[in-house]
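Engineer: Before I ask anything, let me first share the structure, which is written out below as structure tokens.
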Amino acid sequence: MCGIIGYVGKRDLASVLVAGLERLSYRGYDSSGIAVISKGELSAWKSEGKVQRLIDRYIKSIKISNATVGIGHTRWATHGEPTDINAHPQLSSDQKIGLVHNGIIENFAFLKKNLQPRYLFKSETDSEVAAHLIEAEFHRTHSFLQAFQKTLSQLEGTYALAIISEHDPQTLFAARLGSPLIIGLGEDENFIASDLVALIPHTRNFIYLADNEWAIISASEVQVYDQAGNRVKKAIKHLKINDSDLHQPAKGHFPHYMLKEIFDQPEILKRILSTYTSDEVELRFKSLAAHTDPLKKCEKFLIQACGTSWHAGLVAKYWLEEFAHISTEVDISSEFRYRKILARNHDILLALSQSGETADTLAGIREVRKLYNKLPVISFINRSETTMEHESDAIIPSLAGTEIGVASTKNYIAQLGTLFLFALYLGQLKGILTAAKIAEYLRAFAMLPALINKILAYRKTIKAISSRYATDKGFLFIGRGMNYPNALEGALKLKEISYLYAAGYAAGELKHGPIALIDENMPVIALIPHTSNYSKMMNNLEEVRSRKGRIIAIVTEGDKDVTAIADTVIPIPAIIEELSPLLTIIPLQLFAYDIAVALDRDVDQPKNLAKSVTVE
Ligand code: M6R
């Protein structure tokens, strides 16, 4: 995964690079490093841990003068543990070439074998091989440019690369295949980064490198070439970005971003309702204006997404089938792209992603493009100006605002909100739902912010309940129908931030195996609001009870039957069944959060994870 940054110009290099790395940390934060060329010599500083550790160990005390060019990297380990040595920049044997890499060089073992023992490998990374290979090619060709090109032609896999060298100390070399890379244009200075987010403090003019393109970047000029070495004339994209977009949202009085983001959810649903409806009575999706015909004719949706976004897709399946009568398949992207994808003329691909950069989801889109190039692709994305946006026919912004917590909360609600309204819109478009029925659903939707606030007001009680379970080692989450995906999502939230084992199941599946786990040590979190599955869920709870499982039940206010058999109940307000997932998820988010805090975990940046998963 990883985030990369590069700079050529006269500013203080360490500050530009480190500030960029802080903004890119959502792409990985297990180690980081920078390298610069100063007075013709390459120097590098690297540290395991977050960027702050690099700053504390080195950056605070170093003085770099007359530096011309530099690169930086924040890592999410794929090959080799997160150590100082495995951190990037990776250097050539003679220490004259430094590079940072995002992606995976799949033929690294083969290349490494050919370079050893002449070239001294220090790390366990796949990336290091590229540095040695350039050095080897330089020894052969005596031209750094040729060495760089020769190296690219031998690399297999994916990469965004930024390279500096003592052989050409005023220049930044960059290349892209499969991992994003953007050039930021300045006056007598230029930048590169994995994401716009690291560049917007400096410029509004960008060049997006395409796959197989590479660039030679000096302070005064940017030259882009294709794979064959032909110069490519690239369009400069000028983006209007508000100053407020430059700043990371503040945590305010909240101790963690995750908690703030949970509390942001009511406002997000208001924003979604006002954006995607006119006066809360009629649905409108401006970005779909050119696609109404294929949407009317659509016979099947193929949804593909990862993690929490996949869970949103699982809920959406119920809505799309119920409101629009469109059969819907939901796949995990990393599985989708490797199965036989069968699509017909009137099918549509829906990709769901908070970041718009998830490698597996992008690969799913590309696979469909390869097989069925006319199939429309509509993506539900939260961030703007992403690779996924550029590769989709239409996008529906999730409108969650910047999500910082690695555990996705507010984007889940935002995805659910937009997908619900999208399904209603299709029901309207296809004449399946009457105007009266749509108005009824929208009235119910409009109540959500107040109802979520009511659950949030119950926060102290949920915290007290959660703290009783912080010493447990494993959890089962169960639900049925539209609330089954929330059982998966509740378990995912708990796992990723508390590091405790949790599994989500469709409650009817318990008897097919997982029930063997149930005894007095197993807390079972049951989603049992008043819905059409209520009595079936009750049967499942009785089965848990008879095996002494400890039940924590999310129930509709006033429920007596579940209360009579559960150890603990967390009430939520009454709502129509179709919208119940937008309420049952709130106590699960808080439950996971409170347990993680009780265990003193790094809630916003849990170990081993990254906000945006940009490798396969
Ligand atoms: O940016 P995306 O929505 O494509 O990300 C998908 C998953 O990586 C993401 O939802 C991940 O599972 C989160 N950590 C869940 O909290």
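Quick note on naming: the chains in the structure tokens go A, B, ... in the order shown, residues restart at 1 in each chain, and ligands are numbered from 1 in order of appearance.
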Using only C-alpha atoms, which residues sit within 6 Å of segment 67-70 of chain A once same-chain residues fewer than 5 positions away are excluded, as a PDB file with C-alpha atoms, in the first residue's frame?

Structural biologist:
```pdb
ATOM      1  CA  GLY A   6       8.633  13.597  -3.895  1.00  0.00           C
ATOM      2  CA  TYR A   7       9.786  17.190  -4.234  1.00  0.00           C
ATOM      3  CA  VAL A   8      12.208  19.108  -6.401  1.00  0.00           C
ATOM      4  CA  GLY A   9      12.732  22.792  -5.682  1.00  0.00           C
ATOM      5  CA  ALA A  35      15.909  10.637   1.416  1.00  0.00           C
ATOM      6  CA  VAL A  36      17.352  13.803  -0.091  1.00  0.00           C
ATOM      7  CA  ILE A  37      20.213  14.843  -2.307  1.00  0.00           C
ATOM      8  CA  SER A  38      22.173  17.624  -0.732  1.00  0.00           C
ATOM      9  CA  GLN A 170      18.469  17.871  -9.791  1.00  0.00           C
TER      10      GLN A 170
END
```

Engineer: Please, which residues of segment 272-405 of chain A, numbered as in this document, come out strand (DSSP E) from DSSP, as an NGL selection string?

Structural biologist: :A and (277-278 or 282-283 or 300-305 or 327-332 or 347-353 or 377-381 or 394-397)

Engineer: For ligand 1, which residue among A:Glu124, A:Asp188, A:Glu578, A:Glu489 is the nearest when counting only C-alpha atoms and all ligand atoms?

Structural biologist: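 Checking each candidate against ligand 1, we get A:Glu489 as the closest.
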
Engineer: How close does chain A get to ligand 1? List, as a tab-separated table, each residue of chain A within 10 Å, its nearest atom pair and the distance in Å to one decimal, counting only C-alpha atoms and all ligand atoms.

Structural biologist:
```
residue	atom	partner	partner_atom_place_in_ligand_line	distance
A:Gln304	CA	ligand 1	4 (O)	9.7
A:Ala305	CA	ligand 1	4 (O)	6.3
A:Cys306	CA	ligand 1	6 (C)	4.4
A:Gly307	CA	ligand 1	12 (O)	3.3
A:Thr308	CA	ligand 1	10 (O)	3.8
A:Ser309	CA	ligand 1	3 (O)	4.8
A:Trp310	CA	ligand 1	10 (O)	7.3
A:His311	CA	ligand 1	10 (O)	8.5
A:Ala312	CA	ligand 1	10 (O)	9.4
A:Ile332	CA	ligand 1	6 (C)	9.9
A:Ser333	CA	ligand 1	4 (O)	9.4
A:Ala351	CA	ligand 1	4 (O)	8.7
A:Leu352	CA	ligand 1	3 (O)	6.4
A:Ser353	CA	ligand 1	3 (O)	3.4
A:Gln354	CA	ligand 1	3 (O)	3.6
A:Ser355	CA	ligand 1	1 (O)	3.6
A:Gly356	CA	ligand 1	1 (O)	5.8
A:Glu357	CA	ligand 1	1 (O)	6.4
A:Thr358	CA	ligand 1	4 (O)	4.6
A:Ala359	CA	ligand 1	4 (O)	8.1
A:Asp360	CA	ligand 1	4 (O)	8.2
A:Thr361	CA	ligand 1	4 (O)	6.7
A:Leu362	CA	ligand 1	4 (O)	8.9
A:Phe380	CA	ligand 1	3 (O)	9.3
A:Ile381	CA	ligand 1	3 (O)	7.8
A:Asn382	CA	ligand 1	1 (O)	8.2
A:Arg383	CA	ligand 1	1 (O)	8.8
A:Met388	CA	ligand 1	4 (O)	9.6
A:Glu403	CA	ligand 1	1 (O)	9.9
A:Gly405	CA	ligand 1	16 (O)	8.3
A:Val406	CA	ligand 1	14 (N)	5.2
A:Ala407	CA	ligand 1	16 (O)	3.4
A:Ser408	CA	ligand 1	16 (O)	3.8
A:Thr409	CA	ligand 1	16 (O)	6.9
A:Lys410	CA	ligand 1	16 (O)	10.0
A:Asn411	CA	ligand 1	3 (O)	8.0
A:Tyr412	CA	ligand 1	10 (O)	8.2
A:Gln415	CA	ligand 1	3 (O)	9.4
A:Glu489	CA	ligand 1	16 (O)	8.2
A:Gly490	CA	ligand 1	16 (O)	9.8
A:Leu492	CA	ligand 1	16 (O)	6.9
A:Lys493	CA	ligand 1	16 (O)	6.0
A:Leu494	CA	ligand 1	16 (O)	9.5
A:Lys495	CA	ligand 1	16 (O)	9.6
A:Glu496	CA	ligand 1	14 (N)	7.1
A:Ile497	CA	ligand 1	16 (O)	8.8
A:Gln605	CA	ligand 1	14 (N)	9.7
A:Pro606	CA	ligand 1	14 (N)	9.2
A:Leu609	CA	ligand 1	14 (N)	7.1
A:Ala610	CA	ligand 1	14 (N)	7.1
A:Lys611	CA	ligand 1	14 (N)	6.1
A:Ser612	CA	ligand 1	1 (O)	5.4
A:Val613	CA	ligand 1	8 (O)	5.5
A:Thr614	CA	ligand 1	8 (O)	8.9
```

Engineer: Any idea what the distance is between atom CA of Lys511 of chain A and atom CA of Phe591 of chain A?

Structural biologist: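 Separation of atom CA of Lys511 of chain A and atom CA of Phe591 of chain A: 25.6 Å.
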
Engineer: Would you mind listing what lies within 6 Å of Phe173 of chain A as an NGL selection string, with only C-alpha atoms counted and same-chain residues fewer than 4 positions away left out?

Structural biologist: :A and (162-163 or 215-216)

Engineer: Would you mind exporting C-alpha atoms of the selected residues as a PDB file, in the first residue's frame?

Structural biologist:
```pdb
ATOM      1  CA  ALA A 162       9.769   7.897  -7.108  1.00  0.00           C
ATOM      2  CA  ILE A 163      13.528   7.803  -7.531  1.00  0.00           C
ATOM      3  CA  ALA A 215       8.201  11.086 -15.903  1.00  0.00           C
ATOM      4  CA  ILE A 216      11.359  13.118 -15.572  1.00  0.00           C
TER       5      ILE A 216
END
```

Engineer: Just checking: using only C-alpha atoms, which residue out of A:Ile192, A:Val368, A:Ile554, A:Leu133 ends up closest to Ser93 of chain A?

Structural biologist: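 Answer, going by the shortest atom-to-atom distance: A:Leu133.
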
Engineer: Return the single residue from A:Thr568, A:Ala87, A:Ala174, A:Tyr29 that is closest to Lys46 of chain A, with distances computed using only C-alpha atoms.

Structural biologist: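 Nearest candidate to Lys46 of chain A out of A:Thr568, A:Ala87, A:Ala174, A:Tyr29: A:Ala87.
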
Engineer: What's around Ala289 of chain A at 12 Å? Count only C-alpha atoms, leave out sequence neighbours fewer than 6 positions away in its own chain, and write the answer as a PDB file with N, CA, C and O atoms, in the first residue's frame.

Structural biologist:
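Full text of around_18.pdb as output:
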```pdb
ATOM      1  N   LEU A 295     -30.568   2.408 -16.644  1.00  0.00           N
ATOM      2  CA  LEU A 295     -31.077   2.088 -15.301  1.00  0.00           C
ATOM      3  C   LEU A 295     -32.509   1.540 -15.383  1.00  0.00           C
ATOM      4  O   LEU A 295     -32.863   0.604 -14.676  1.00  0.00           O
ATOM      5  N   LYS A 296     -33.311   2.128 -16.273  1.00  0.00           N
ATOM      6  CA  LYS A 296     -34.687   1.635 -16.431  1.00  0.00           C
ATOM      7  C   LYS A 296     -34.684   0.193 -16.944  1.00  0.00           C
ATOM      8  O   LYS A 296     -35.501  -0.614 -16.559  1.00  0.00           O
ATOM      9  N   ASP A 393     -18.372   5.376 -15.032  1.00  0.00           N
ATOM     10  CA  ASP A 393     -19.219   6.162 -15.936  1.00  0.00           C
ATOM     11  C   ASP A 393     -19.997   7.220 -15.170  1.00  0.00           C
ATOM     12  O   ASP A 393     -20.321   8.275 -15.706  1.00  0.00           O
ATOM     13  N   ALA A 394     -20.344   6.918 -13.954  1.00  0.00           N
ATOM     14  CA  ALA A 394     -21.047   7.907 -13.114  1.00  0.00           C
ATOM     15  C   ALA A 394     -20.682   7.635 -11.674  1.00  0.00           C
ATOM     16  O   ALA A 394     -20.362   6.497 -11.307  1.00  0.00           O
ATOM     17  N   ILE A 395     -20.692   8.689 -10.877  1.00  0.00           N
ATOM     18  CA  ILE A 395     -20.441   8.464  -9.448  1.00  0.00           C
ATOM     19  C   ILE A 395     -21.559   9.086  -8.618  1.00  0.00           C
ATOM     20  O   ILE A 395     -22.173  10.078  -9.003  1.00  0.00           O
ATOM     21  N   ILE A 396     -21.787   8.473  -7.482  1.00  0.00           N
ATOM     22  CA  ILE A 396     -22.722   9.029  -6.509  1.00  0.00           C
ATOM     23  C   ILE A 396     -21.914   9.286  -5.236  1.00  0.00           C
ATOM     24  O   ILE A 396     -21.479   8.336  -4.570  1.00  0.00           O
ATOM     25  N   TYR A 425     -35.092   5.669  -5.810  1.00  0.00           N
ATOM     26  CA  TYR A 425     -35.059   6.379  -7.096  1.00  0.00           C
ATOM     27  C   TYR A 425     -35.346   5.405  -8.252  1.00  0.00           C
ATOM     28  O   TYR A 425     -36.115   5.704  -9.167  1.00  0.00           O
ATOM     29  N   LEU A 429     -38.224   5.437 -10.900  1.00  0.00           N
ATOM     30  CA  LEU A 429     -37.922   5.437 -12.329  1.00  0.00           C
ATOM     31  C   LEU A 429     -38.645   4.310 -13.056  1.00  0.00           C
ATOM     32  O   LEU A 429     -39.136   4.471 -14.169  1.00  0.00           O
TER      33      LEU A 429
END
```

Engineer: Taking only C-alpha atoms into account, which of A:Arg601, A:Lys260, A:His253, A:His202 comes nearest Ile404 of chain A?

Structural biologist: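 So, comparing all the options, the nearest one is A:Lys260.
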
Engineer: If you run DSSP on the backbone, which residues of segment 175-263 of chain A are helix (DSSP H, G or I), as a PyMOL selection string?

Structural biologist: chain A and resi 196-198+243-246+257-263

Engineer: Those same residues, written as a short mmCIF file (atom, residue, chain, number, x, y, z; two decimals), in the first residue's frame with N, CA and C atoms?

Structural biologist:
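Output contents, as saved in selection_17.cif:
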```cif
data_model
loop_
_atom_site.label_atom_id
_atom_site.label_comp_id
_atom_site.auth_asym_id
_atom_site.auth_seq_id
_atom_site.Cartn_x
_atom_site.Cartn_y
_atom_site.Cartn_z
N LEU A 196 -3.66 13.41 -4.13
CA LEU A 196 -3.84 14.85 -4.14
C LEU A 196 -3.73 15.49 -2.76
N VAL A 197 -4.17 14.72 -1.78
CA VAL A 197 -4.25 15.24 -0.42
C VAL A 197 -2.90 15.79 0.06
N ALA A 198 -1.81 15.19 -0.43
CA ALA A 198 -0.48 15.64 -0.02
C ALA A 198 -0.02 16.84 -0.85
N ASP A 243 -10.08 26.33 0.76
CA ASP A 243 -9.03 26.29 1.78
C ASP A 243 -9.39 25.30 2.89
N SER A 244 -10.70 25.18 3.16
CA SER A 244 -11.11 24.28 4.25
C SER A 244 -10.73 22.83 3.93
N ASP A 245 -10.60 22.51 2.62
CA ASP A 245 -10.22 21.15 2.26
C ASP A 245 -8.76 20.86 2.61
N LEU A 246 -8.01 21.93 2.89
CA LEU A 246 -6.60 21.74 3.20
C LEU A 246 -6.41 21.19 4.60
N TYR A 257 -11.05 10.39 16.67
CA TYR A 257 -11.83 10.68 15.45
C TYR A 257 -13.00 9.71 15.31
N MET A 258 -12.76 8.45 15.68
CA MET A 258 -13.84 7.47 15.46
C MET A 258 -15.10 7.89 16.21
N LEU A 259 -14.92 8.34 17.45
CA LEU A 259 -16.10 8.73 18.23
C LEU A 259 -16.76 9.96 17.60
N LYS A 260 -15.93 10.90 17.18
CA LYS A 260 -16.49 12.09 16.52
C LYS A 260 -17.28 11.67 15.27
N GLU A 261 -16.69 10.75 14.53
CA GLU A 261 -17.34 10.35 13.27
C GLU A 261 -18.65 9.61 13.53
N ILE A 262 -18.71 8.88 14.64
CA ILE A 262 -19.99 8.22 15.01
C ILE A 262 -21.03 9.31 15.30
N PHE A 263 -20.58 10.36 15.98
CA PHE A 263 -21.51 11.45 16.32
C PHE A 263 -21.85 12.34 15.11
#
```

Engineer: Near Met482 of chain A, within 8 Å and counting only C-alpha atoms, which residues show up once chain neighbours fewer than 4 positions away are dropped, as a ChimeraX atom specification?

Structural biologist: /A:315,318,486,578,580-581

Engineer: Name all residues at most 7 Å from Leu527 of chain A (count only C-alpha atoms; drop same-chain ones fewer than 2 positions away) and give them as a ChimeraX atom specification.

Structural biologist: /A:478-479,483,525,529,553-555,584

Engineer: At what distance in Å, to one decimal, does atom CA of Gly72 of chain A lie from atom CA of Gly98 of chain A?

Structural biologist: 10.0 Å

Engineer: Taking only C-alpha atoms into account, name the residue in A:Gly427, A:Gly401, A:Pro523, A:Pro587 that is nearest to Ile326 of chain A.

Structural biologist: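 Result for the nearest residue to Ile326 of chain A: A:Gly427.
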
Engineer: Within 12 Å of Arg53 of chain A, counting only C-alpha atoms, which residues qualify if same-chain residues fewer than 3 places away don't, as an NGL selection string?

Structural biologist: :A and (18 or 22 or 29-33 or 45-50 or 56-60 or 74 or 84)

Engineer: Keeping only N, CA and C atoms, take the residues you just selected and write them out as an mmCIF file, in the first residue's frame.

Structural biologist:
```cif
data_model
loop_
_atom_site.group_PDB
_atom_site.id
_atom_site.type_symbol
_atom_site.label_atom_id
_atom_site.label_comp_id
_atom_site.auth_asym_id
_atom_site.auth_seq_id
_atom_site.Cartn_x
_atom_site.Cartn_y
_atom_site.Cartn_z
ATOM 1 N N VAL A 18 7.971 15.607 5.115
ATOM 2 C CA VAL A 18 7.332 15.090 6.328
ATOM 3 C C VAL A 18 5.865 15.524 6.405
ATOM 4 N N GLU A 22 2.661 12.984 6.595
ATOM 5 C CA GLU A 22 1.586 13.018 7.594
ATOM 6 C C GLU A 22 0.228 12.964 6.904
ATOM 7 N N TYR A 29 0.976 3.192 8.091
ATOM 8 C CA TYR A 29 1.670 3.983 9.118
ATOM 9 C C TYR A 29 2.557 3.102 9.979
ATOM 10 N N ASP A 30 3.087 2.000 9.393
ATOM 11 C CA ASP A 30 3.919 1.158 10.249
ATOM 12 C C ASP A 30 5.384 1.566 10.234
ATOM 13 N N SER A 31 5.803 2.363 9.267
ATOM 14 C CA SER A 31 7.165 2.910 9.257
ATOM 15 C C SER A 31 7.208 4.006 8.204
ATOM 16 N N SER A 32 8.250 4.833 8.262
ATOM 17 C CA SER A 32 8.332 5.911 7.271
ATOM 18 C C SER A 32 9.789 6.319 7.093
ATOM 19 N N GLY A 33 10.028 7.146 6.077
ATOM 20 C CA GLY A 33 11.400 7.588 5.854
ATOM 21 C C GLY A 33 11.471 8.621 4.754
ATOM 22 N N TRP A 45 16.903 8.880 6.063
ATOM 23 C CA TRP A 45 16.529 8.661 7.467
ATOM 24 C C TRP A 45 15.262 7.833 7.462
ATOM 25 N N LYS A 46 15.262 6.754 8.251
ATOM 26 C CA LYS A 46 14.103 5.866 8.228
ATOM 27 C C LYS A 46 13.800 5.397 9.647
ATOM 28 N N SER A 47 12.527 5.172 9.913
ATOM 29 C CA SER A 47 12.187 4.692 11.250
ATOM 30 C C SER A 47 10.946 3.818 11.219
ATOM 31 N N GLU A 48 10.968 2.751 12.029
ATOM 32 C CA GLU A 48 9.721 2.003 12.232
ATOM 33 C C GLU A 48 8.783 2.907 13.013
ATOM 34 N N GLY A 49 7.504 2.644 12.939
ATOM 35 C CA GLY A 49 6.518 3.444 13.672
ATOM 36 C C GLY A 49 5.934 4.550 12.801
ATOM 37 N N LYS A 50 5.080 5.346 13.446
ATOM 38 C CA LYS A 50 4.385 6.398 12.701
ATOM 39 C C LYS A 50 5.341 7.537 12.329
ATOM 40 N N ASP A 56 10.612 12.585 15.646
ATOM 41 C CA ASP A 56 11.269 12.644 16.956
ATOM 42 C C ASP A 56 12.691 12.094 16.907
ATOM 43 N N ARG A 57 12.875 11.020 16.161
ATOM 44 C CA ARG A 57 14.214 10.391 16.144
ATOM 45 C C ARG A 57 15.215 11.191 15.317
ATOM 46 N N TYR A 58 14.752 11.748 14.183
ATOM 47 C CA TYR A 58 15.718 12.366 13.263
ATOM 48 C C TYR A 58 15.392 13.789 12.827
ATOM 49 N N ILE A 59 14.168 13.976 12.319
ATOM 50 C CA ILE A 59 13.895 15.208 11.581
ATOM 51 C C ILE A 59 14.082 16.446 12.459
ATOM 52 N N LYS A 60 13.712 16.319 13.749
ATOM 53 C CA LYS A 60 13.856 17.470 14.649
ATOM 54 C C LYS A 60 15.298 17.944 14.735
ATOM 55 N N THR A 74 5.539 6.480 3.467
ATOM 56 C CA THR A 74 4.936 5.952 4.686
ATOM 57 C C THR A 74 4.400 4.578 4.324
ATOM 58 N N ASP A 84 13.191 -0.576 10.804
ATOM 59 C CA ASP A 84 13.958 0.535 10.205
ATOM 60 C C ASP A 84 14.497 0.119 8.833
#
```

Engineer: Could you check the closest approach to Ala316 of chain A for each of A:Leu579, A:Ala193, A:Ala343, A:Ile518 and tell me which residue wins, using only C-alpha atoms?

Structural biologist: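 Answer, going by the shortest atom-to-atom distance: A:Leu579.
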
Engineer: For a test of reading the model, state the distance in Å between atom CA of Ile515 of chain A and atom CA of Glu329 of chain A, rounded to one decimal.

Structural biologist: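 Interatomic distance here is 28.0 Å.
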